[in-house]
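Okay, my_file38.tsv now, which holds TSV, C-alpha atoms and all ligand atoms:
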chain	number	residue	atom	x	y	z
U	1	MET	CA	-29.01	-1.83	21.64
U	2	LYS	CA	-30.69	-1.90	25.08
U	3	LYS	CA	-30.63	1.87	25.20
U	4	ILE	CA	-32.23	2.08	21.75
U	5	LEU	CA	-34.90	-0.34	22.88
U	6	LEU	CA	-35.66	1.86	25.89
U	7	SER	CA	-35.84	4.95	23.70
U	8	ALA	CA	-38.16	3.24	21.26
U	9	THR	CA	-40.45	2.11	24.08
U	10	ALA	CA	-40.37	5.56	25.60
U	11	LEU	CA	-41.34	7.13	22.28
U	12	VAL	CA	-44.30	4.80	21.90
U	13	VAL	CA	-45.38	5.59	25.46
U	14	ALA	CA	-44.92	9.34	24.90
U	15	GLY	CA	-46.90	9.08	21.67
U	16	ALA	CA	-49.71	7.32	23.48
U	17	PHE	CA	-49.81	10.14	26.02
U	18	ALA	CA	-50.06	12.72	23.24
U	19	LEU	CA	-52.94	10.81	21.64
U	20	THR	CA	-54.97	10.49	24.83
U	21	GLY	CA	-54.29	14.16	25.51
U	22	CYS	CA	-54.64	13.31	29.15
U	23	SER	CA	-53.74	16.23	31.37
U	24	SER	CA	-56.06	15.99	34.32
U	25	GLU	CA	-54.41	16.24	37.72
U	26	ARG	CA	-54.71	13.20	39.95
U	27	GLY	CA	-55.92	15.19	42.92
U	28	GLY	CA	-55.92	14.14	46.53
U	29	ASP	CA	-56.87	10.49	46.39
U	30	THR	CA	-55.18	8.14	48.79
U	31	GLY	CA	-53.30	5.95	46.31
U	32	SER	CA	-54.58	2.64	47.60
U	33	GLY	CA	-52.58	0.65	45.10
U	34	SER	CA	-55.63	-1.00	43.58
U	35	GLY	CA	-55.48	1.28	40.56
U	36	ASP	CA	-59.26	1.77	40.79
U	37	ASP	CA	-59.07	5.28	42.11
U	38	ALA	CA	-56.36	6.48	39.75
U	39	LYS	CA	-57.43	9.43	37.69
U	40	GLY	CA	-54.25	10.07	35.82
U	41	PHE	CA	-52.13	13.19	35.91
U	42	ALA	CA	-50.37	15.62	33.59
U	43	ALA	CA	-48.27	13.98	30.86
U	44	ASP	CA	-45.35	16.23	31.78
U	45	ALA	CA	-45.61	15.74	35.56
U	46	THR	CA	-42.57	15.47	37.79
U	47	ILE	CA	-41.61	11.93	38.78
U	48	GLY	CA	-39.29	11.54	41.77
U	49	VAL	CA	-36.69	8.79	41.92
U	50	ALA	CA	-34.89	8.34	45.26
U	51	LEU	CA	-31.98	5.90	45.06
U	52	PRO	CA	-29.69	4.68	47.87
U	53	ASP	CA	-25.95	5.14	48.03
U	54	LYS	CA	-24.03	3.61	45.13
U	55	THR	CA	-23.15	0.24	46.72
U	56	SER	CA	-23.18	-1.57	43.40
U	57	GLU	CA	-23.04	-0.75	39.69
U	58	ASN	CA	-26.78	-1.37	39.22
U	59	TRP	CA	-27.61	1.71	41.31
U	60	VAL	CA	-25.26	3.90	39.29
U	61	LEU	CA	-26.79	2.68	36.04
U	62	ALA	CA	-30.37	3.03	37.30
U	63	GLY	CA	-29.99	6.76	37.95
U	64	GLN	CA	-28.96	7.49	34.37
U	65	LEU	CA	-31.59	5.18	32.87
U	66	PHE	CA	-34.35	6.81	34.95
U	67	THR	CA	-33.27	10.32	34.00
U	68	ASP	CA	-33.13	9.48	30.28
U	69	GLY	CA	-36.18	7.19	30.17
U	70	LEU	CA	-38.54	9.45	32.13
U	71	GLU	CA	-37.56	12.48	30.07
U	72	GLU	CA	-37.94	10.60	26.81
U	73	ALA	CA	-41.44	9.61	27.98
U	74	GLY	CA	-42.28	13.29	28.47
U	75	PHE	CA	-41.98	13.54	32.26
U	76	LYS	CA	-39.76	15.75	34.36
U	77	ALA	CA	-37.34	13.50	36.22
U	78	ASP	CA	-36.12	14.36	39.72
U	79	VAL	CA	-33.50	11.68	40.38
U	80	GLN	CA	-31.62	11.83	43.70
U	81	TYR	CA	-29.05	9.60	45.38
U	82	ALA	CA	-28.62	9.45	49.10
U	83	PRO	CA	-24.98	10.38	49.80
U	84	ALA	CA	-22.67	7.75	51.22
U	85	SER	CA	-22.80	9.26	54.70
U	86	ASN	CA	-25.93	10.09	56.67
U	87	THR	CA	-27.81	8.19	53.99
U	88	VAL	CA	-31.07	7.42	55.77
U	89	ALA	CA	-31.73	10.99	56.95
U	90	GLU	CA	-30.75	12.40	53.56
U	91	GLN	CA	-33.04	10.00	51.72
U	92	GLN	CA	-35.90	10.90	54.06
U	93	ASN	CA	-35.33	14.60	53.29
U	94	GLN	CA	-35.12	13.97	49.56
U	95	ILE	CA	-38.44	12.10	49.53
U	96	GLN	CA	-40.11	14.80	51.62
U	97	ALA	CA	-38.81	17.44	49.17
U	98	MET	CA	-40.20	15.46	46.22
U	99	VAL	CA	-43.64	15.43	47.88
U	100	THR	CA	-43.48	19.17	48.56
U	101	GLY	CA	-42.23	19.76	45.04
U	102	GLY	CA	-45.36	18.18	43.55
U	103	ALA	CA	-44.09	14.83	42.23
U	104	LYS	CA	-46.98	12.59	41.11
U	105	VAL	CA	-45.13	9.32	41.51
U	106	ILE	CA	-42.08	8.62	43.67
U	107	ILE	CA	-39.96	5.59	42.88
U	108	ILE	CA	-37.80	4.56	45.83
U	109	GLY	CA	-34.76	2.33	46.08
U	110	ALA	CA	-34.67	2.39	49.87
U	111	LYS	CA	-31.49	2.79	51.85
U	112	ASP	CA	-33.28	1.45	54.90
U	113	GLY	CA	-36.72	0.10	54.05
U	114	LYS	CA	-37.81	0.22	57.68
U	115	GLN	CA	-37.25	3.93	58.09
U	116	LEU	CA	-39.36	5.53	55.37
U	117	ALA	CA	-42.89	5.15	56.75
U	118	THR	CA	-43.30	8.83	57.72
U	119	GLN	CA	-42.17	10.04	54.31
U	120	VAL	CA	-44.22	7.62	52.21
U	121	GLU	CA	-47.27	8.32	54.35
U	122	ALA	CA	-46.80	12.05	53.68
U	123	ALA	CA	-46.59	11.15	50.00
U	124	ARG	CA	-49.80	9.15	50.15
U	125	ASP	CA	-51.59	11.97	51.96
U	126	ALA	CA	-50.54	14.31	49.15
U	127	GLY	CA	-51.97	11.92	46.53
U	128	VAL	CA	-48.58	10.68	45.35
U	129	THR	CA	-48.21	7.05	44.23
U	130	VAL	CA	-45.21	5.30	45.80
U	131	ILE	CA	-43.38	2.52	43.98
U	132	ALA	CA	-40.75	0.56	45.90
U	133	TYR	CA	-37.93	-0.18	43.44
U	134	ASP	CA	-35.72	-3.28	43.91
U	135	ARG	CA	-35.97	-3.07	47.74
U	136	LEU	CA	-39.26	-3.34	49.61
U	137	ILE	CA	-40.39	-0.55	51.96
U	138	GLU	CA	-41.59	-2.14	55.19
U	139	ASN	CA	-44.19	-1.62	57.92
U	140	THR	CA	-46.41	0.90	56.15
U	141	GLU	CA	-49.65	0.79	54.18
U	142	ALA	CA	-48.48	3.66	52.01
U	143	VAL	CA	-46.47	1.64	49.47
U	144	ASP	CA	-48.59	1.20	46.36
U	145	TYR	CA	-46.44	-1.10	44.23
U	146	TYR	CA	-43.18	-3.01	44.22
U	147	VAL	CA	-41.04	-3.62	41.14
U	148	ALA	CA	-38.03	-5.92	41.37
U	149	PHE	CA	-36.36	-9.05	40.13
U	150	ASP	CA	-37.66	-12.13	41.89
U	151	ASN	CA	-35.34	-11.95	44.89
U	152	PHE	CA	-36.19	-15.34	46.38
U	153	LYS	CA	-35.35	-16.93	43.04
U	154	VAL	CA	-32.06	-14.98	43.00
U	155	GLY	CA	-31.19	-16.71	46.28
U	156	GLN	CA	-32.25	-20.12	45.00
U	157	LEU	CA	-30.12	-19.68	41.88
U	158	GLN	CA	-27.14	-18.70	44.03
U	159	GLY	CA	-27.60	-21.76	46.24
U	160	GLN	CA	-27.83	-24.04	43.22
U	161	ALA	CA	-24.79	-22.41	41.60
U	162	LEU	CA	-22.79	-23.05	44.75
U	163	LEU	CA	-23.74	-26.75	44.63
U	164	ASP	CA	-22.98	-27.00	40.90
U	165	GLY	CA	-19.68	-25.18	41.33
U	166	LEU	CA	-18.60	-27.47	44.15
U	167	ALA	CA	-19.36	-30.58	42.12
U	168	GLU	CA	-17.38	-29.12	39.20
U	169	ARG	CA	-14.41	-27.54	40.93
U	170	ALA	CA	-13.81	-28.82	44.47
U	171	GLY	CA	-11.70	-31.68	43.16
U	172	HIS	CA	-13.05	-34.15	45.68
U	173	GLU	CA	-16.28	-35.79	46.74
U	174	ALA	CA	-18.62	-34.35	49.40
U	175	PRO	CA	-18.59	-33.23	52.17
U	176	TYR	CA	-17.67	-29.72	51.08
U	177	ASN	CA	-16.57	-27.01	53.49
U	178	ILE	CA	-18.44	-23.77	52.93
U	179	GLU	CA	-19.14	-20.38	54.52
U	180	LEU	CA	-22.20	-18.17	54.14
U	181	PHE	CA	-22.41	-14.40	53.63
U	182	SER	CA	-25.54	-12.26	53.50
U	183	GLY	CA	-26.22	-8.61	52.68
U	184	SER	CA	-26.95	-5.59	54.81
U	185	PRO	CA	-29.56	-6.05	57.56
U	186	ASP	CA	-31.24	-2.71	56.68
U	187	ASP	CA	-32.09	-4.00	53.17
U	188	ALA	CA	-35.21	-6.20	53.08
U	189	ASN	CA	-33.70	-8.07	50.13
U	190	SER	CA	-30.88	-9.50	52.25
U	191	ALA	CA	-33.15	-11.94	54.09
U	192	VAL	CA	-35.00	-12.86	50.90
U	193	PHE	CA	-31.75	-13.70	49.07
U	194	PHE	CA	-30.49	-15.66	52.08
U	195	ASN	CA	-33.74	-17.56	52.56
U	196	GLY	CA	-33.83	-18.42	48.86
U	197	ALA	CA	-30.28	-19.75	49.02
U	198	MET	CA	-30.96	-21.70	52.21
U	199	ASP	CA	-34.02	-23.23	50.60
U	200	VAL	CA	-31.51	-25.07	48.39
U	201	LEU	CA	-28.56	-25.37	50.80
U	202	GLN	CA	-30.21	-26.31	54.11
U	203	PRO	CA	-31.21	-29.84	52.99
U	204	LYS	CA	-27.60	-30.36	51.87
U	205	ILE	CA	-26.30	-29.10	55.22
U	206	ASP	CA	-28.75	-31.42	56.98
U	207	ASP	CA	-27.68	-34.48	54.98
U	208	GLY	CA	-23.98	-33.75	55.51
U	209	THR	CA	-23.11	-32.84	51.89
U	210	LEU	CA	-22.19	-29.33	53.04
U	211	LYS	CA	-20.36	-28.38	56.20
U	212	VAL	CA	-20.40	-24.76	57.44
U	213	VAL	CA	-17.20	-25.21	59.39
U	214	SER	CA	-17.49	-21.97	61.41
U	215	GLY	CA	-20.98	-23.00	62.49
U	216	GLN	CA	-22.22	-19.51	61.46
U	217	THR	CA	-25.50	-20.31	59.74
U	218	GLU	CA	-27.81	-17.69	61.25
U	219	ILE	CA	-28.43	-14.69	59.01
U	220	ALA	CA	-27.34	-12.28	61.77
U	221	GLN	CA	-23.95	-14.04	61.94
U	222	THR	CA	-23.44	-13.80	58.19
U	223	ALA	CA	-24.58	-10.17	57.63
U	224	THR	CA	-22.51	-7.56	55.81
U	225	GLU	CA	-23.33	-4.14	57.22
U	226	GLY	CA	-24.00	-1.55	54.51
U	227	TRP	CA	-23.24	-4.08	51.75
U	228	LYS	CA	-19.65	-2.86	52.18
U	229	ALA	CA	-16.76	-4.77	50.61
U	230	GLU	CA	-14.43	-4.01	53.50
U	231	ASN	CA	-16.85	-5.61	55.97
U	232	ALA	CA	-17.06	-8.83	53.95
U	233	GLN	CA	-13.30	-8.88	53.51
U	234	ARG	CA	-12.75	-8.43	57.24
U	235	ARG	CA	-15.16	-11.25	58.10
U	236	MET	CA	-13.52	-13.57	55.54
U	237	ASP	CA	-10.06	-12.69	56.92
U	238	SER	CA	-11.14	-13.61	60.41
U	239	LEU	CA	-12.88	-16.82	59.31
U	240	LEU	CA	-9.71	-17.90	57.52
U	241	THR	CA	-7.67	-17.33	60.65
U	242	SER	CA	-10.12	-18.83	63.11
U	243	THR	CA	-11.38	-21.79	61.10
U	244	TYR	CA	-9.33	-22.55	57.99
U	245	SER	CA	-5.72	-22.81	59.17
U	246	SER	CA	-5.78	-26.54	58.52
U	247	GLU	CA	-9.18	-27.06	56.82
U	248	THR	CA	-9.78	-26.37	53.11
U	249	LEU	CA	-12.47	-23.87	52.17
U	250	ASP	CA	-14.36	-25.24	49.16
U	251	GLY	CA	-17.12	-22.69	48.63
U	252	VAL	CA	-18.63	-19.39	49.74
U	253	LEU	CA	-22.19	-18.17	49.29
U	254	SER	CA	-21.83	-14.48	48.45
U	255	PRO	CA	-25.00	-12.44	47.92
U	256	ASN	CA	-23.50	-10.04	45.35
U	257	ASP	CA	-20.49	-9.33	43.15
U	258	THR	CA	-18.98	-6.53	45.23
U	259	LEU	CA	-18.82	-8.87	48.23
U	260	ALA	CA	-17.70	-11.83	46.09
U	261	ARG	CA	-14.63	-9.91	44.94
U	262	ALA	CA	-13.88	-8.85	48.53
U	263	ILE	CA	-14.08	-12.49	49.66
U	264	ILE	CA	-11.81	-13.59	46.79
U	265	THR	CA	-9.31	-10.82	47.66
U	266	SER	CA	-9.24	-12.04	51.24
U	267	VAL	CA	-8.61	-15.67	50.26
U	268	GLN	CA	-5.92	-14.71	47.76
U	269	GLY	CA	-4.31	-12.45	50.37
U	270	ALA	CA	-4.07	-15.46	52.69
U	271	GLY	CA	-2.33	-17.40	49.92
U	272	LYS	CA	-5.11	-19.98	49.64
U	273	ASP	CA	-6.86	-21.46	46.60
U	274	VAL	CA	-9.94	-19.51	45.53
U	275	PRO	CA	-13.08	-21.44	46.50
U	276	VAL	CA	-16.31	-21.54	44.49
U	277	VAL	CA	-17.84	-18.07	45.07
U	278	THR	CA	-21.29	-16.95	43.93
U	279	GLY	CA	-22.42	-13.39	43.18
U	280	GLN	CA	-25.11	-11.15	41.76
U	281	ASP	CA	-25.45	-8.02	39.58
U	282	SER	CA	-23.16	-8.85	36.64
U	283	GLU	CA	-20.68	-6.15	37.56
U	284	VAL	CA	-17.97	-5.66	34.93
U	285	GLU	CA	-15.06	-6.78	37.17
U	286	SER	CA	-16.96	-9.90	38.21
U	287	VAL	CA	-17.88	-10.83	34.65
U	288	LYS	CA	-14.16	-10.60	33.81
U	289	SER	CA	-13.31	-12.68	36.87
U	290	ILE	CA	-15.84	-15.33	35.83
U	291	MET	CA	-14.40	-15.47	32.32
U	292	GLU	CA	-10.94	-15.87	33.89
U	293	GLY	CA	-12.23	-18.84	35.89
U	294	ILE	CA	-11.96	-17.13	39.30
U	295	GLN	CA	-15.44	-16.09	40.55
U	296	TYR	CA	-17.85	-18.93	39.79
U	297	SER	CA	-21.20	-17.26	39.12
U	298	THR	CA	-23.22	-14.09	39.06
U	299	ILE	CA	-26.84	-13.17	38.33
U	300	ASN	CA	-28.04	-11.15	35.37
U	301	LYS	CA	-30.65	-8.72	36.70
U	302	ASP	CA	-30.71	-6.37	33.74
U	303	THR	CA	-31.21	-2.89	35.20
U	304	THR	CA	-32.45	-1.62	31.83
U	305	LEU	CA	-35.44	-3.97	32.04
U	306	LEU	CA	-36.23	-3.03	35.64
U	307	VAL	CA	-36.15	0.69	34.88
U	308	GLU	CA	-38.26	0.13	31.74
U	309	GLN	CA	-40.87	-1.73	33.79
U	310	SER	CA	-40.93	1.06	36.39
U	311	ILE	CA	-41.44	3.72	33.71
U	312	LYS	CA	-44.16	1.60	32.18
U	313	MET	CA	-45.96	1.63	35.55
U	314	VAL	CA	-45.61	5.43	35.68
U	315	GLY	CA	-47.15	5.61	32.19
U	316	GLN	CA	-50.09	3.49	33.31
U	317	LEU	CA	-50.63	5.70	36.37
U	318	GLN	CA	-50.39	8.83	34.22
U	319	LYS	CA	-53.19	7.56	32.00
U	320	GLY	CA	-55.28	6.41	34.96
U	321	GLU	CA	-54.99	2.80	33.80
U	322	GLU	CA	-54.69	-0.23	36.01
U	323	VAL	CA	-51.04	-0.90	36.82
U	324	ASP	CA	-49.62	-4.23	35.64
U	325	VAL	CA	-48.60	-6.54	38.48
U	326	ASN	CA	-47.79	-10.26	38.33
U	327	ASP	CA	-47.46	-11.13	42.02
U	328	THR	CA	-49.90	-10.36	44.80
U	329	GLU	CA	-48.70	-12.91	47.35
U	330	GLN	CA	-45.01	-12.84	48.08
U	331	TYR	CA	-44.14	-9.38	49.32
U	332	ASP	CA	-45.75	-8.85	52.71
U	333	ASN	CA	-44.13	-5.73	54.14
U	334	GLY	CA	-45.37	-6.40	57.68
U	335	VAL	CA	-48.70	-4.61	57.33
U	336	LYS	CA	-49.77	-5.33	53.74
U	337	VAL	CA	-48.97	-7.55	50.80
U	338	VAL	CA	-47.59	-5.12	48.24
U	339	PRO	CA	-48.72	-5.79	44.66
U	340	ALA	CA	-45.55	-6.51	42.74
U	341	TYR	CA	-44.19	-6.83	39.25
U	342	LEU	CA	-41.34	-9.34	39.41
U	343	LEU	CA	-38.83	-9.93	36.63
U	344	ASP	CA	-36.94	-13.16	36.10
U	345	PRO	CA	-33.27	-13.30	37.16
U	346	ILE	CA	-30.78	-15.39	35.15
U	347	ILE	CA	-27.84	-17.34	36.58
U	348	VAL	CA	-24.55	-16.73	34.78
U	349	THR	CA	-21.44	-18.91	34.79
U	350	LYS	CA	-18.54	-19.01	32.37
U	351	GLU	CA	-20.36	-21.72	30.49
U	352	ASN	CA	-23.57	-19.82	29.65
U	353	ALA	CA	-22.29	-16.22	29.77
U	354	ALA	CA	-22.57	-15.54	26.03
U	355	GLU	CA	-26.15	-16.75	26.02
U	356	ALA	CA	-27.08	-15.00	29.27
U	357	TYR	CA	-25.80	-11.65	28.03
U	358	ALA	CA	-27.12	-11.99	24.48
U	359	ASN	CA	-29.20	-8.82	25.08
U	360	VAL	CA	-26.60	-6.90	27.07
U	361	PRO	CA	-24.09	-5.70	24.44
U	362	SER	CA	-21.53	-4.20	26.86
U	363	LEU	CA	-21.21	-7.48	28.79
U	364	LEU	CA	-21.40	-9.64	25.70
U	365	GLU	CA	-18.42	-7.74	24.35
U	366	ILE	CA	-16.43	-8.60	27.48
U	367	VAL	CA	-17.42	-12.26	27.24
U	368	ASN	CA	-16.48	-12.42	23.56
U	369	SER	CA	-13.12	-10.83	24.25
U	370	TYR	CA	-12.18	-14.00	26.17
U	371	LYS	CA	-12.83	-16.26	23.20
T	401	LIG	C1	-29.91	-5.31	45.29
T	401	LIG	C2	-28.65	-5.98	44.78
T	401	LIG	C3	-27.40	-5.22	45.23
T	401	LIG	C4	-27.45	-4.88	46.70
T	401	LIG	C5	-26.32	-3.96	47.11
T	401	LIG	C6	-29.78	-5.13	46.76
T	401	LIG	O1	-30.93	-4.59	47.29
T	401	LIG	O2	-31.04	-6.09	44.96
T	401	LIG	O3	-28.71	-6.07	43.38
T	401	LIG	O4	-26.27	-5.97	44.97
T	401	LIG	O5	-28.68	-4.28	47.02
T	401	LIG	O6	-26.37	-2.75	46.45

What would the structure in this file look like if it were written as structure tokens?
Ligand code: BGC
Amino acid sequence: MKKILLSATALVVAGAFALTGCSSERGGDTGSGSGDDAKGFAADATIGVALPDKTSENWVLAGQLFTDGLEEAGFKADVQYAPASNTVAEQQNQIQAMVTGGAKVIIIGAKDGKQLATQVEAARDAGVTVIAYDRLIENTEAVDYYVAFDNFKVGQLQGQALLDGLAERAGHEAPYNIELFSGSPDDANSAVFFNGAMDVLQPKIDDGTLKVVSGQTEIAQTATEGWKAENAQRRMDSLLTSTYSSETLDGVLSPNDTLARAIITSVQGAGKDVPVVTGQDSEVESVKSIMEGIQYSTINKDTTLLVEQSIKMVGQLQKGEEVDVNDTEQYDNGVKVVPAYLLDPIIVTKENAAEAYANVPSLLEIVNSYK
């Protein structure tokens, strides 16, 4: 259903390109991001998509959706993943090769958003428009647009889900014992998710409702290098040993599903009751876990919609139109506020799963199989 929707949109977009007959090359403008200087480019131009290593299902899905969607819209798609090892250097090389190869737009899911300035500046100098996808690219003027789910809101929803879950499942009144996990420090999203969650949780820590028993409340103490499950599992193992031999752990803030399942595995391995654990991404195994009453929550950030929005931006650039953005305030990358198109994330628990996945047939099927 989603796929058909994408195809239908792509056909309309492709049709519009045919009608305008636009084939002029964009030439060497500097891609300021204002859209004013865009002159459009060939309707069959190459579009580069550089994605990070496959640390969660959304990245795997995005690659296929970009390949199909861009080609259905009439473009040539050059979709590359950075390999699991030597990722940053490989991604830098891939982006450089896309510039040399004549891509008109490069969409980047950064492995390390702080280490791409040289490559995106080379892209800008060659007249290529750069769109940061899901993760912001930092400390450079050369990022034209950002397209993502509203990451701060993701964090706020996770914080609220943790509170709701504790009230529902802890089996006692406050105070509740919790621990905090955050994502990889090389991903700009990690701090945004964490700050969003702390926006909700900090007042409850301050008033004594929540107790972070380990005392580890700084983002650096809670980080999960590389978004790797084994790193989260190791940290949870050591927290259980150091802090929870006699205390009960009531809840854990987890920034995504991969880490949530690692945290749950750790707790189960220690023979303890599973606490309230949050997540993000609506990964299949986590949706099953939620329906089984184990993981408490996840976030629906429908990758199909994010890829569709990105391809829509490419279509607008191709025609030399102004690019749709809906946020020009939040995403300061250190040297500029990057114009952004933000989509709305949805919190998912067992209770609202059927409704939350009403437009995601593969997940809805899983939810319905538990009825
Ligand atoms: C994405 C999350 C994902 C994480 C790990 C983040 O940048 O926004 O959806 O879980 O990377 O891949």

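Among the candidate residues U:Ala170, U:Met236, U:Val192, U:Val337, the one lying nearest to U:Ala142 is U:Val337, with distances computed using all atoms listed in the file.
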
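Going from atom CA of U:Gly171 over to atom CA of U:Thr278, you cover 17.6 Å.
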
message: To check your reading of the model: which residues sit at most 9 Å from ligand LIG 401 (chain T) when counting all atoms listed in the file? Write the answer as a ChimeraX atom specification.
response: /U:52-59,109-111,134-136,148-149,151,183-184,187-190,193,226-228,255-259,279-281,299,301

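When only C-alpha atoms are used to compute distances to U:Ala191, the closest of the residues U:Ala89, U:Val335, U:Val154, U:Ala97 turns out to be U:Val154.
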
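Interatomic distance, atom CA of U:Gly215 to atom CA of U:Gly251: 14.4 Å.
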
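Across the structure, atom CA of U:Thr118 and atom CA of U:Val307 are spaced 25.3 Å apart.
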
- line: Using only C-alpha atoms, the residue out of U:Asp44, U:Asp186, U:Glu329, U:Glu71 with shortest distance to U:Val88 is U:Asp186

query: Hey, can you pull every residue with an atom no more than 7 Å from (-32.9, -23.0, 46.7), using only C-alpha atoms, and send it as a PyMOL selection string?
result: chain U and resi 155-157+159-160+196-201

Dump of C-alpha atoms for the selected residues, as a short mmCIF file (atom, residue, chain, number, x, y, z; two decimals), in the frame of the given file:
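Okay, again_14.cif is ready:
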data_model
loop_
_atom_site.label_atom_id
_atom_site.label_comp_id
_atom_site.auth_asym_id
_atom_site.auth_seq_id
_atom_site.Cartn_x
_atom_site.Cartn_y
_atom_site.Cartn_z
CA GLY U 155 -31.19 -16.71 46.28
CA GLN U 156 -32.25 -20.12 45.00
CA LEU U 157 -30.12 -19.68 41.88
CA GLY U 159 -27.60 -21.76 46.24
CA GLN U 160 -27.83 -24.04 43.22
CA GLY U 196 -33.83 -18.42 48.86
CA ALA U 197 -30.28 -19.75 49.02
CA MET U 198 -30.96 -21.70 52.21
CA ASP U 199 -34.02 -23.23 50.60
CA VAL U 200 -31.51 -25.07 48.39
CA LEU U 201 -28.56 -25.37 50.80
#

Is it possible to get the residues within 12 Å of (-32.3, 6.7, 34.7) (coordinates as in the file, counting only C-alpha atoms) written as a compact mmCIF listing (two decimals) with C-alpha atoms, in the frame of the given file?
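Listed below is the output, point39.txt:
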# COMPACT_ATOMS: atom_id res chain seq x y z
CA LYS U 3 -30.63 1.87 25.20
CA LEU U 6 -35.66 1.86 25.89
CA SER U 7 -35.84 4.95 23.70
CA ILE U 47 -41.61 11.93 38.78
CA GLY U 48 -39.29 11.54 41.77
CA VAL U 49 -36.69 8.79 41.92
CA ALA U 50 -34.89 8.34 45.26
CA LEU U 51 -31.98 5.90 45.06
CA ASN U 58 -26.78 -1.37 39.22
CA TRP U 59 -27.61 1.71 41.31
CA VAL U 60 -25.26 3.90 39.29
CA LEU U 61 -26.79 2.68 36.04
CA ALA U 62 -30.37 3.03 37.30
CA GLY U 63 -29.99 6.76 37.95
CA GLN U 64 -28.96 7.49 34.37
CA LEU U 65 -31.59 5.18 32.87
CA PHE U 66 -34.35 6.81 34.95
CA THR U 67 -33.27 10.32 34.00
CA ASP U 68 -33.13 9.48 30.28
CA GLY U 69 -36.18 7.19 30.17
CA LEU U 70 -38.54 9.45 32.13
CA GLU U 71 -37.56 12.48 30.07
CA GLU U 72 -37.94 10.60 26.81
CA ALA U 73 -41.44 9.61 27.98
CA LYS U 76 -39.76 15.75 34.36
CA ALA U 77 -37.34 13.50 36.22
CA ASP U 78 -36.12 14.36 39.72
CA VAL U 79 -33.50 11.68 40.38
CA GLN U 80 -31.62 11.83 43.70
CA TYR U 81 -29.05 9.60 45.38
CA ILE U 107 -39.96 5.59 42.88
CA THR U 303 -31.21 -2.89 35.20
CA THR U 304 -32.45 -1.62 31.83
CA LEU U 305 -35.44 -3.97 32.04
CA LEU U 306 -36.23 -3.03 35.64
CA VAL U 307 -36.15 0.69 34.88
CA GLU U 308 -38.26 0.13 31.74
CA SER U 310 -40.93 1.06 36.39
CA ILE U 311 -41.44 3.72 33.71

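Residue nearest U:Tyr244, chosen from U:Ala82, U:Ala229, U:Ala270, U:Val128 and counting only C-alpha atoms: U:Ala270.
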
query: Excluding same-chain residues fewer than 4 positions from U:Gly334, what lies within 8 Å of it counting only C-alpha atoms, as number ranges by chain?
result: U: 138-140

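Residues in contact range of U:Thr248, defined as at most 12 Å between all atoms listed in the file, with sequence neighbours fewer than 4 positions away removed, read Ala170, Gly171, His172, Pro175, Tyr176, Asn177, Ile178, Glu179, Lys211, Val212, Val213, Leu239, Leu240, Thr241, Thr243, Tyr244, Val252, Val267, Lys272, Asp273, Val274, Pro275 and Val276 of chain U.
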
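Remark: for U:Ala132, the closest of the candidate residues U:Gln216, U:Ser362, U:Ser282, U:Asn333 is U:Asn333 (distances computed over only C-alpha atoms).
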
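Proximity to U:Asn326 was assessed for U:Ile264, U:Val120, U:Ala358, U:Val147 counting only C-alpha atoms; the smallest distance is recorded for U:Val147.
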